[in-house]
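model07.txt follows (compact mmCIF, C-alpha atoms):
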```txt
# COMPACT_ATOMS: atom_id res chain seq x y z
CA MET A 1 72.91 79.72 185.78
CA ASN A 2 71.52 82.36 183.45
CA SER A 3 72.95 83.08 180.02
CA PRO A 4 75.17 86.16 179.86
CA THR A 5 74.53 89.31 177.91
CA ASP A 6 76.01 89.72 174.45
CA ILE A 7 79.81 90.16 174.73
CA SER A 8 80.44 90.86 171.04
CA SER A 9 80.97 94.55 171.87
CA ASP A 10 83.61 93.81 174.54
CA LYS A 11 86.64 94.09 172.24
CA THR A 12 89.18 93.74 175.05
CA LEU A 13 87.72 90.42 176.18
CA LEU A 14 87.48 89.12 172.61
CA TRP A 15 91.12 90.04 172.00
CA LEU A 16 92.16 88.25 175.19
CA MET A 17 90.22 85.17 174.13
CA ALA A 18 91.71 85.29 170.63
CA ILE A 19 95.23 85.55 172.08
CA ALA A 20 94.47 82.62 174.39
CA CYS A 21 93.32 80.57 171.40
CA GLY A 22 96.54 81.45 169.59
CA LEU A 23 98.76 80.55 172.54
CA CYS A 24 97.00 77.23 173.13
CA ALA A 25 97.03 76.20 169.48
CA GLY A 26 100.61 77.37 168.99
CA ALA A 27 101.78 75.12 171.82
CA ASN A 28 101.41 72.14 169.48
CA TYR A 29 103.48 73.57 166.64
CA TYR A 30 106.70 74.92 168.16
CA CYS A 31 108.62 71.79 167.24
CA GLN A 32 107.89 71.91 163.49
CA PRO A 33 110.73 74.21 162.36
CA LEU A 34 112.98 72.83 165.11
CA ILE A 35 113.35 69.23 163.92
CA SER A 36 116.94 69.74 162.79
CA SER A 37 117.98 71.58 165.99
CA ILE A 38 116.32 69.00 168.27
CA GLN A 39 118.00 66.21 166.32
CA GLN A 40 121.41 67.82 166.82
CA SER A 41 120.70 68.52 170.50
CA PHE A 42 119.62 64.98 171.41
CA GLY A 43 121.50 63.03 168.74
CA ALA A 44 118.34 61.16 167.73
CA PRO A 45 117.35 59.99 164.23
CA GLN A 46 115.36 62.52 162.21
CA SER A 47 112.44 60.10 161.80
CA GLN A 48 112.11 59.81 165.60
CA VAL A 49 112.34 63.56 166.17
CA ALA A 50 109.68 64.13 163.49
CA LEU A 51 107.30 61.95 165.52
CA THR A 52 107.10 64.83 168.02
CA VAL A 53 104.70 66.53 165.59
CA THR A 54 102.51 63.42 165.51
CA PHE A 55 102.51 63.07 169.32
CA ALA A 56 101.36 66.68 169.63
CA GLN A 57 98.43 66.04 167.30
CA VAL A 58 97.43 62.71 168.89
CA SER A 59 97.50 64.09 172.44
CA TYR A 60 95.48 67.10 171.33
CA ALA A 61 92.92 64.77 169.75
CA LEU A 62 92.66 62.80 173.01
CA GLY A 63 92.13 66.04 174.93
CA LEU A 64 89.41 67.00 172.48
CA LEU A 65 87.64 63.69 173.00
CA PHE A 66 87.93 63.31 176.78
CA ILE A 67 88.37 66.86 178.13
CA VAL A 68 86.48 69.28 175.86
CA PRO A 69 83.03 67.67 176.44
CA LEU A 70 83.35 68.64 180.11
CA GLY A 71 82.79 72.21 178.94
CA ASP A 72 79.03 71.51 178.82
CA ILE A 73 78.82 70.49 182.50
CA VAL A 74 81.49 72.44 184.42
CA ASN A 75 82.15 76.09 185.23
CA LYS A 76 84.06 77.25 182.14
CA THR A 77 85.30 80.37 183.94
CA LYS A 78 87.46 78.15 186.17
CA PHE A 79 87.90 75.22 183.80
CA ILE A 80 89.56 77.13 180.95
CA PRO A 81 92.29 78.77 183.11
CA LEU A 82 92.91 75.39 184.78
CA LEU A 83 93.49 73.77 181.40
CA MET A 84 95.88 76.57 180.49
CA LEU A 85 97.86 75.92 183.67
CA GLY A 86 98.19 72.27 182.63
CA ALA A 87 99.41 73.32 179.19
CA ALA A 88 101.97 75.65 180.81
CA ALA A 89 103.24 72.71 182.86
CA GLY A 90 103.73 70.63 179.72
CA LEU A 91 105.61 73.46 178.04
CA GLY A 92 107.80 73.75 181.12
CA ILE A 93 108.72 70.07 180.85
CA CYS A 94 109.66 70.60 177.19
CA ALA A 95 111.90 73.50 178.24
CA LEU A 96 113.64 71.31 180.84
CA SER A 97 113.91 68.20 178.64
CA VAL A 98 117.27 66.47 178.53
CA ASN A 99 116.34 63.76 176.03
CA LEU A 100 113.75 63.00 173.38
CA PRO A 101 111.38 60.93 175.59
CA MET A 102 111.17 63.84 178.06
CA LEU A 103 110.38 66.22 175.20
CA TRP A 104 107.69 63.80 174.04
CA ALA A 105 106.21 63.70 177.56
CA GLY A 106 106.04 67.49 177.77
CA THR A 107 104.58 67.68 174.27
CA ILE A 108 101.85 65.17 175.18
CA ILE A 109 100.91 67.03 178.38
CA ALA A 110 100.85 70.38 176.59
CA GLY A 111 98.76 68.86 173.80
CA LEU A 112 96.20 67.38 176.19
CA PHE A 113 95.56 70.61 178.09
CA SER A 114 95.95 73.15 175.29
CA VAL A 115 92.43 72.15 174.23
CA ALA A 116 91.38 75.12 176.36
CA ALA A 117 90.94 76.96 173.05
CA GLN A 118 88.27 74.46 172.03
CA VAL A 119 86.33 75.14 175.24
CA LEU A 120 86.65 78.89 174.71
CA ILE A 121 85.03 78.78 171.27
CA PRO A 122 81.77 77.07 172.37
CA LEU A 123 81.68 79.45 175.34
CA VAL A 124 81.68 82.51 173.11
CA THR A 125 78.89 81.07 170.94
CA LEU A 126 76.72 81.02 174.07
CA ALA A 127 77.64 84.60 174.94
CA VAL A 128 76.75 86.34 171.66
CA ARG A 129 73.61 86.70 169.57
CA PRO A 130 73.03 83.85 167.05
CA GLU A 131 73.50 86.15 164.05
CA LYS A 132 76.98 87.08 165.35
CA ILE A 133 78.28 83.53 165.88
CA GLY A 134 80.13 83.21 162.57
CA GLN A 135 81.78 86.61 162.88
CA VAL A 136 82.92 86.15 166.50
CA VAL A 137 84.05 82.55 166.02
CA GLY A 138 85.91 83.74 162.93
CA PHE A 139 87.69 86.37 165.04
CA LEU A 140 88.79 83.74 167.58
CA MET A 141 89.86 81.47 164.72
CA SER A 142 91.99 84.32 163.36
CA GLY A 143 93.75 84.44 166.72
CA LEU A 144 94.15 80.67 166.72
CA LEU A 145 95.59 80.47 163.20
CA VAL A 146 97.85 83.50 163.64
CA GLY A 147 99.06 81.88 166.86
CA ILE A 148 100.00 78.75 164.94
CA LEU A 149 101.86 80.76 162.30
CA LEU A 150 103.66 82.99 164.80
CA SER A 151 104.57 79.97 166.92
CA THR A 152 106.58 78.43 164.11
CA SER A 153 108.15 81.75 163.15
CA LEU A 154 109.11 82.67 166.71
CA SER A 155 110.38 79.21 167.56
CA GLY A 156 112.68 79.34 164.54
CA LEU A 157 113.80 82.87 165.44
CA PHE A 158 114.57 82.01 169.08
CA SER A 159 116.36 78.84 167.99
CA ASN A 160 118.58 80.81 165.63
CA LEU A 161 119.33 83.66 168.05
CA ILE A 162 119.43 81.89 171.41
CA HIS A 163 118.30 78.25 171.81
CA TRP A 164 115.41 76.12 170.58
CA LYS A 165 114.08 75.70 174.16
CA VAL A 166 113.50 79.44 174.67
CA ILE A 167 110.13 79.40 172.88
CA TYR A 168 108.82 76.89 175.43
CA ILE A 169 109.94 79.07 178.35
CA VAL A 170 108.36 82.23 176.92
CA SER A 171 105.13 80.47 175.98
CA ALA A 172 104.74 78.86 179.42
CA ALA A 173 105.14 82.27 181.11
CA LEU A 174 102.60 83.92 178.81
CA MET A 175 100.16 81.05 179.30
CA LEU A 176 100.34 81.44 183.10
CA ALA A 177 99.78 85.20 182.91
CA LEU A 178 96.83 84.95 180.53
CA ALA A 179 95.20 82.20 182.59
CA GLY A 180 95.18 84.53 185.58
CA ILE A 181 93.59 87.36 183.57
CA LEU A 182 90.90 85.17 182.01
CA MET A 183 89.94 83.72 185.37
CA ARG A 184 88.63 87.18 186.27
CA ARG A 185 87.23 88.19 182.86
CA LEU A 186 85.45 85.18 181.34
CA PRO A 187 81.63 85.40 181.25
CA ALA A 188 79.45 82.90 183.09
CA VAL A 189 77.26 80.73 180.84
CA SER A 190 74.68 78.03 181.44
CA THR A 191 75.77 74.41 181.92
CA SER A 192 74.00 71.06 181.59
CA ARG A 193 73.24 68.76 184.52
CA MET A 194 74.86 65.61 183.21
CA SER A 195 77.31 63.02 184.48
CA TYR A 196 80.62 62.43 182.74
CA GLY A 197 79.43 59.05 181.49
CA SER A 198 76.19 60.44 180.09
CA ILE A 199 78.20 62.95 178.07
CA PHE A 200 79.58 60.17 175.92
CA LYS A 201 76.15 58.56 175.51
CA SER A 202 74.92 61.95 174.34
CA MET A 203 77.85 62.24 171.93
CA ALA A 204 77.03 58.82 170.48
CA GLN A 205 73.46 60.02 169.91
CA LEU A 206 74.73 63.17 168.23
CA LEU A 207 76.83 61.03 165.87
CA ARG A 208 73.78 58.93 165.01
CA HIS A 209 71.29 61.75 164.53
CA GLU A 210 73.33 64.73 163.31
CA ARG A 211 74.45 63.58 159.87
CA ARG A 212 75.79 67.01 158.94
CA LEU A 213 78.06 66.95 161.97
CA VAL A 214 79.60 63.70 160.71
CA TYR A 215 80.02 64.96 157.15
CA ARG A 216 81.49 68.28 158.25
CA ALA A 217 83.86 66.54 160.67
CA LEU A 218 85.08 64.27 157.87
CA ILE A 219 85.56 67.27 155.58
CA GLY A 220 87.53 69.05 158.30
CA GLY A 221 89.60 65.96 159.07
CA CYS A 222 90.57 65.54 155.42
CA VAL A 223 91.59 69.16 154.81
CA PHE A 224 93.55 69.36 158.07
CA ALA A 225 95.27 66.07 157.23
CA ALA A 226 96.34 67.67 153.95
CA MET A 227 97.69 70.70 155.83
CA SER A 228 99.44 68.45 158.35
CA ILE A 229 101.38 66.76 155.56
CA LEU A 230 102.84 70.19 154.95
CA PHE A 231 103.49 70.72 158.68
CA SER A 232 105.36 67.43 159.09
CA THR A 233 107.59 67.86 156.02
CA ILE A 234 108.33 71.59 156.00
CA ALA A 235 111.54 71.32 158.03
CA MET A 236 112.75 68.23 156.17
CA LEU A 237 112.23 69.89 152.78
CA LEU A 238 113.49 73.39 153.51
CA THR A 239 116.53 72.53 155.66
CA ALA A 240 117.87 70.16 152.98
CA PRO A 241 119.31 71.05 149.54
CA PRO A 242 118.51 72.91 147.35
CA PHE A 243 117.18 75.33 149.99
CA SER A 244 119.25 74.50 153.12
CA LEU A 245 117.41 77.12 155.19
CA ALA A 246 118.15 77.79 158.85
CA ASP A 247 115.38 77.21 161.44
CA VAL A 248 114.59 80.92 161.58
CA TRP A 249 113.88 81.12 157.84
CA VAL A 250 111.73 78.01 157.94
CA GLY A 251 109.63 79.75 160.58
CA VAL A 252 109.52 83.05 158.70
CA LEU A 253 108.28 81.31 155.55
CA THR A 254 105.17 80.09 157.40
CA LEU A 255 104.07 83.74 157.72
CA ALA A 256 102.87 83.32 154.14
CA GLY A 257 99.77 81.83 155.74
CA VAL A 258 98.85 85.01 157.64
CA PHE A 259 96.46 86.14 154.90
CA GLY A 260 94.44 82.96 155.27
CA ALA A 261 94.44 83.25 159.06
CA LEU A 262 93.24 86.85 159.02
CA SER A 263 90.49 86.05 156.53
CA THR A 264 88.45 83.94 158.95
CA GLN A 265 86.47 86.87 160.39
CA TRP A 266 85.46 87.92 156.86
CA ILE A 267 84.62 84.32 155.98
CA GLY A 268 82.55 84.07 159.17
CA LYS A 269 80.48 87.11 158.16
CA TRP A 270 79.66 85.55 154.79
CA ALA A 271 78.94 82.21 156.45
CA ASP A 272 76.43 83.99 158.73
CA ARG A 273 74.65 85.13 155.53
CA GLY A 274 74.18 81.56 154.31
CA TYR A 275 77.05 81.13 151.83
CA ASN A 276 78.53 78.05 153.52
CA ALA A 277 78.20 75.72 150.53
CA ARG A 278 79.83 78.11 148.04
CA LEU A 279 82.64 78.99 150.45
CA THR A 280 83.33 75.31 151.14
CA TRP A 281 83.61 74.47 147.43
CA ALA A 282 85.82 77.50 146.89
CA GLY A 283 88.02 76.39 149.78
CA CYS A 284 88.40 72.89 148.31
CA LEU A 285 89.34 74.36 144.91
CA ILE A 286 91.96 76.63 146.50
CA LEU A 287 93.36 73.66 148.45
CA ALA A 288 93.69 71.60 145.27
CA CYS A 289 95.48 74.44 143.46
CA SER A 290 97.76 74.96 146.45
CA TRP A 291 99.22 71.46 146.06
CA LEU A 292 100.20 72.21 142.48
CA LEU A 293 102.03 75.30 143.68
CA LEU A 294 103.62 73.33 146.51
CA TYR A 295 104.79 70.61 144.11
CA ILE A 296 106.54 73.25 142.00
CA GLY A 297 107.77 74.66 145.33
CA GLY A 298 110.00 71.64 145.71
CA HIS A 299 112.41 73.61 143.50
CA SER A 300 111.09 77.16 143.87
CA LEU A 301 110.88 78.96 147.21
CA LEU A 302 108.47 81.56 145.79
CA SER A 303 106.06 78.88 144.57
CA TYR A 304 106.30 77.13 147.95
CA ALA A 305 105.43 80.38 149.76
CA LEU A 306 102.46 80.98 147.45
CA GLY A 307 101.29 77.42 147.97
CA TYR A 308 101.61 77.76 151.74
CA GLY A 309 99.51 80.92 151.66
CA ALA A 310 96.90 79.30 149.43
CA ILE A 311 96.56 76.16 151.55
CA SER A 312 96.16 78.30 154.69
CA LEU A 313 93.38 80.30 153.01
CA GLY A 314 91.59 77.18 151.76
CA LEU A 315 91.78 75.54 155.17
CA ALA A 316 90.45 78.69 156.87
CA MET A 317 87.50 78.85 154.48
CA VAL A 318 86.47 75.22 154.94
CA HIS A 319 87.01 75.17 158.71
CA SER A 320 85.08 78.42 159.32
CA CYS A 321 82.12 77.14 157.31
CA ASN A 322 82.20 73.82 159.14
CA GLN A 323 82.03 75.50 162.54
CA ASN A 324 79.31 77.90 161.46
CA ILE A 325 77.16 74.92 160.45
CA ILE A 326 77.79 72.62 163.40
CA PHE A 327 77.21 75.29 166.06
CA GLN A 328 73.69 75.79 164.69
CA LEU A 329 72.75 72.12 165.09
CA ASN A 330 72.16 71.88 168.86
CA PRO A 331 72.95 75.00 170.95
CA ALA A 332 72.69 73.09 174.26
CA ALA A 333 75.42 70.64 173.21
CA ARG A 334 77.99 72.91 171.61
CA SER A 335 80.99 71.69 173.63
CA ARG A 336 80.10 68.08 172.81
CA ILE A 337 79.53 68.92 169.15
CA ASN A 338 82.84 70.79 169.03
CA SER A 339 84.51 67.85 170.75
CA ILE A 340 83.28 65.42 168.10
CA TYR A 341 84.18 67.74 165.25
CA MET A 342 87.61 68.73 166.55
CA THR A 343 88.50 65.18 167.62
CA LEU A 344 87.97 63.93 164.06
CA TYR A 345 89.66 67.09 162.79
CA PHE A 346 92.85 66.45 164.76
CA ILE A 347 92.76 62.70 164.22
CA GLY A 348 92.91 63.72 160.59
CA GLY A 349 95.82 66.00 161.46
CA ALA A 350 97.69 63.21 163.25
CA CYS A 351 97.11 60.82 160.34
CA GLY A 352 98.25 63.52 157.93
CA SER A 353 101.45 64.11 159.92
CA ALA A 354 102.25 60.39 159.95
CA LEU A 355 101.35 60.07 156.26
CA GLY A 356 103.57 63.04 155.44
CA VAL A 357 106.59 61.47 157.15
CA TYR A 358 105.88 58.10 155.49
CA ALA A 359 105.40 59.63 152.05
CA TRP A 360 108.58 61.70 152.42
CA HIS A 361 110.72 58.69 153.31
CA HIS A 362 109.23 56.45 150.61
CA GLY A 363 108.56 58.77 147.69
CA GLY A 364 110.00 62.16 148.53
CA TRP A 365 108.25 65.47 147.94
CA THR A 366 106.26 64.13 144.96
CA ALA A 367 104.63 61.44 147.11
CA ALA A 368 103.85 63.99 149.83
CA CYS A 369 102.14 66.32 147.33
CA LEU A 370 100.10 63.51 145.76
CA SER A 371 98.97 62.43 149.24
CA GLY A 372 97.89 65.98 150.03
CA LEU A 373 95.92 66.27 146.79
CA ALA A 374 94.21 62.91 147.41
CA LEU A 375 93.01 64.14 150.80
CA VAL A 376 91.57 67.31 149.23
CA ILE A 377 89.67 65.16 146.72
CA ALA A 378 88.29 63.11 149.64
CA ALA A 379 87.15 66.36 151.32
CA ALA A 380 85.36 67.39 148.12
CA PHE A 381 83.58 64.01 148.04
CA PHE A 382 82.27 64.46 151.60
CA THR A 383 81.26 68.03 150.72
CA LEU A 384 79.11 66.63 147.92
CA LEU A 385 77.47 64.15 150.31
CA ASP A 386 76.82 66.90 152.85
CA GLN A 387 75.29 69.18 150.23
CA ARG A 388 72.99 66.43 148.92
CA TYR A 389 71.88 65.53 152.45
CA HIS A 390 71.18 69.18 153.31
CA LEU A 391 69.13 69.66 150.13
CA ARG A 392 66.99 66.63 151.01
CA GLN A 393 66.41 68.11 154.46
CA VAL A 394 65.39 71.48 153.04
CA GLN A 395 63.06 69.90 150.50
CA GLY A 396 61.35 67.96 153.26
```
Could I get this structure in the form of structure tokens?
Amino acid sequence: MNSPTDISSDKTLLWLMAIACGLCAGANYYCQPLISSIQQSFGAPQSQVALTVTFAQVSYALGLLFIVPLGDIVNKTKFIPLLMLGAAAGLGICALSVNLPMLWAGTIIAGLFSVAAQVLIPLVTLAVRPEKIGQVVGFLMSGLLVGILLSTSLSGLFSNLIHWKVIYIVSAALMLALAGILMRRLPAVSTSRMSYGSIFKSMAQLLRHERRLVYRALIGGCVFAAMSILFSTIAMLLTAPPFSLADVWVGVLTLAGVFGALSTQWIGKWADRGYNARLTWAGCLILACSWLLLYIGGHSLLSYALGYGAISLGLAMVHSCNQNIIFQLNPAARSRINSIYMTLYFIGGACGSALGVYAWHHGGWTAACLSGLALVIAAAFFTLLDQRYHLRQVQG
């Protein structure tokens, strides 16, 4: 199959793909501002309901590991809409759930198949000129991150006005409609002639030989773990005194991260110009400062909002640079490379969610903030290792 022409000028298609990324990513975050409402609905302990966030992250990580690599060997034009149909089915189960285990089952199914976004991103890197990769990937990442932010805001709004299950119904319907549109619009790209088993052998080789992929995946995993601490504790902090916010206001507060989400296209342009190292260090510094603001935010809603915006910006900077670097390593294996990177990224997210819940129940907001800061320091350490390795490569 021949490579397609450059699609970077097809704004309608890029918007559709960005919306699809947002819908797929958002499917894993609807429950975050709804912990209190789900607890009241099912009469389950808060600690068990909070595990829904962790299940979403773990199932997404499994989908990244076992499903996304197929993007290198199957017809993506059919594969991506099929994954979106599976995600819609999981969302439908969540909407029909009558108890917590059923909600968990739907969350797991939706998480597994919403990895369609992570097949879309490698596809677009094969359908644009190399010098446009950072900019176009940044645009799709803007859609993905805005989708996450809007998902929490809208889920809180629907919960307050109607019922917490409404967001799952609306999202499933939109996912079905968009899958049908993309089936007719997605470009055809070249695929590899490999068996499913050989994919994983190839991924093992990539882990052994592409040191920068490993370092960048560890950096991404650490910063997303730090963000996930925030995700898993936001409802528990803001729905309790001194704030006692309703679900809708918990969701609205997450819109403070829109600036960071919308910055990814700009960050991608600068990454294309070779400023990855500087942008990564700047992102780590912003992430560290954000946790100071968030700590103060335990008693100040304004400081919490500023910290939420700062951590979203820092995460966007680091993640955009990571993807710009890894997609240049081996163009023929971009789905596999993205699978490795995003698997470690969301394993970090799942660990961060679990750590956030643990820290909250054993040391309160102070312990959660210290855990987040420690993860940012770990990301900075791996950034240093990556930079030293890259300099040795450049120097021969």
Using all atoms of segment 378-394 of chain A that appear in the file, construct an axis-aligned enclosing box with 4 Å of padding on every side and provide its centre coordinates and edge lengths in Å, rounded to one decimal, as AutoDock Vina command-line options.
```
--center_x 76.8 --center_y 67.3 --center_z 151.2 --size_x 30.9 --size_y 16.4 --size_z 14.5
```
Q) Leaving out Ala310 of chain A and any residue of its chain fewer than 5 positions from it, which residues lie within 7 Å of it when counting all atoms listed in the file, given as a PyMOL selection string? A) chain A and resi 286-287+290
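In this comparison, which uses only C-alpha atoms, the residue of A:Leu14, A:Ala27, A:Ile7, A:Leu344 approaching Val214 of chain A most closely is A:Leu344.
When atom CA of Gly309 of chain A is paired with atom CA of Ser263 of chain A, their separation reads 11.5 Å.
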(Q) Quick check, in Å to one decimal: how far apart do atom CA of Gly71 of chain A and atom CA of Gly221 of chain A lie? (A) 21.9 Å
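Using all atoms listed in the file, the protein and nucleic acid residues lying no more than 6 Å from Ala127 of chain A, apart from those fewer than 2 places from it along its own chain, are A:Pro4, A:Asp6, A:Ile7, A:Val124, A:Thr125.
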